[in-house]
Amino acid sequence: MKKIYFCILFLLLSVTIKSQVVLSLEDHSAYIDSIAKVTDNIKSDSLKSLYSFRLSKLYLIVQDVEKSKKYLAQANRLKTKFPYLNDIALYYNSFIFMDKGDRDGFEKALLEADKKLKKYNTSEVYRFRASILHNYGFVQQQKNNEKAYMKLLVNEAIPIAKKSRDYELISSLYKAIAIIFMDNDEREKASEYLSEAQNYIERAIKKTPTVAESKMETYIINAENLVELKHFYDAKKVLDKAFLTLKKFPESNLNDSYFYSEGLYYARQNKHEKALESFEKGIKSAGKHQNQIALNRLKFAEYEVLFKLKNYDKAKDNLEYLLEKTPFVVDKKNYYNELSKVYSATKNYDKAYFYSNKYNVINDSLNDTKFKSEIVELEAKYKKAENEKKISLLQSQNEKAALMVNNNWLNSVLFAVLSVLLFIIVLFLWLLNNNQKKLSIQKEINHEQELSALENQQKLSVSNALIEGEEVERKRIARDLHDGLGSMLSGLKIHLKLAEKENALSPAEINTLLDNSIKELRNISQNLMPESLLKLSLEHALRDLCVGNSNAKTKIEFQYLVQKRNLPKNYEIVIYRIIQELLINALKYADASEILVSCSQNKDTFYITVEDNGIGFDVSVKSTGMGLRNIKNRVEILKGKLEIESALNKGTSAYIELKVKNETPSNG
């Protein structure tokens, strides 16, 4: 079943007209048709062309070939006046070559599209280029150049995809690398990349027709790999995540793969009856969807369990079915070998010998074919090398003959001229080199001075901002103490004096006033330094912060995707203050009904995302507020990056990357 995962992944990301199985949870046709109606009513040629290109790809996802061709033709007709549309058209039109079976044409079209799109620096173009490189790498993998595919994914496709901030796309690229390792039986390395793929797909908030399917596929493949590593506890957690969604879509063809992974989970723990139940469900689902690839995998997995249970008749039926359905000679060879084992176990040695002989014939034939192809290849290389030697020898003889024609006098003159020219060139290069060295030294000195000045200016700016921030915080604390706690204690004092004179205040009322004062003091203390952050963890403190600020108008959702909680306390405090400031801004200005706070960590980089669906703002206008300056200063303390995306009535998203150092756990 090697390379099966590549087929699944390629079908999902780059659907072609020839594809037969597209992973889906539900029918997206109605949603896509609604987009088509909007597109048909657009009057602008450029927008109509752009939307038509996208629709041509969306209709391929739901396998409506005629509508896909219709909108592709419309897009190509309207694009001619617009350079950008002409460039992206190369990407969309490249799939025509795949439909014709022209792999070389597809490869050239992808390279040309990538070359044209390099001059643009937008999120959309980064998505295009990452997809182009992925498809080009897949073609290399099909040419048995797996190293080139891996190199392309790691060094080019993933860095470009990260610029697009398309988490679904990034996840799919990590998944592709993991599948390469799985095909080469390097399960541990595959697990690392699948973990990254799952992390990114779970962070994907943007709604697309394939994001739910991508998430389910990632869960299923990750679970299968964890089962092969015998990490059964982790595998069950991932399978349960997939099941929570798939149980709502019993007709989805993703169930074909899910039941295979679930059956494998039980089979590897020798829970044979449960494994057979799962495989049976998967076989019914794959048969209903006419998914022959998944059906063959399930049948063979079921055979392995049946053989262990010594149910040889049913095991034999599965192998005979597979022999009839598989088109691959290599698979048939393996099935013949398994049939030989079954008949040997039932002591039917004649048939065991018969199928063993069939296995050997195919095996020898495959080895012989490979050997002959290697001989032909070596002969071709040898002939090419011999021809190159002959050509080189003839050229050498001709050159010698030409040199013999020239006389010694001419050679002497040429030698003298060349010597003078060489001396002049060497002198010029020496002078130029000296000048360049002097300029380089001076530039380096100037550069160091500029850097020093900028650094001092930056330090001064940060110091001033911190002082201003501290002053604002002190004023806020003073206001809270004066208006809150001070008012309550003053009131208590007045009531106590009245009680002395008139005996009008009961002990219960005094207790109530004291309780309110203590609560106010705790609130002020919580704002200064949360007790849960000091005694428990960053996750608990942030969760308390989100819960405490949620109200009937605004719901705050909190996601904490950090597995190893070993950050130093000073780092946790800075992170807490950043998120606290972002939440205060969102609650104060955004007028949002939903706010998402997400934290994750990859090695020494801590990621923070705060998104709301509020009124948004013009980033260029509101970029100098005190709250935002405090956030920027704290981000700079951890040598991080801050990016804010917002537009009027379209919500606000803040993305932060912080460089952190994990504490080394003590051995004691």
# chains A, B, ... in the order shown; residues from 1 in each chain; ligands from 1

$ residues_around --residues "stretch 242-252 of chain A" --least-positions-apart "4" --cutoff "12 Å" --atoms "only C-alpha atoms" --output "PyMOL selection string"
chain A and resi 21-27+198+202+212-223+235-238+256-259+261-262+281-282+284-289+291

$ residues_around --residues "A:Leu47" --least-positions-apart "6" --cutoff "10 Å" --atoms "only C-alpha atoms" --output "ChimeraX atom specification"
/A:39,53,75,78-79,85

$ atom_distance --atom1 "atom CA of A:Ile177" --atom2 "atom CA of A:Asn144"
15.2 Å

$ residues_around --residues "A:Asn613" --least-positions-apart "6" --cutoff "8 Å" --atoms "only C-alpha atoms" --output "list in words"
Ala590, Ala592, Ser593, Glu594, Ile595, Lys650, Gly651 and Thr652 of chain A

$ residues_around --residues "A:Asn334" --least-positions-apart "6" --cutoff "10 Å" --atoms "only C-alpha atoms" --output "PyMOL selection string"
chain A and resi 319+323+340+359+362-363
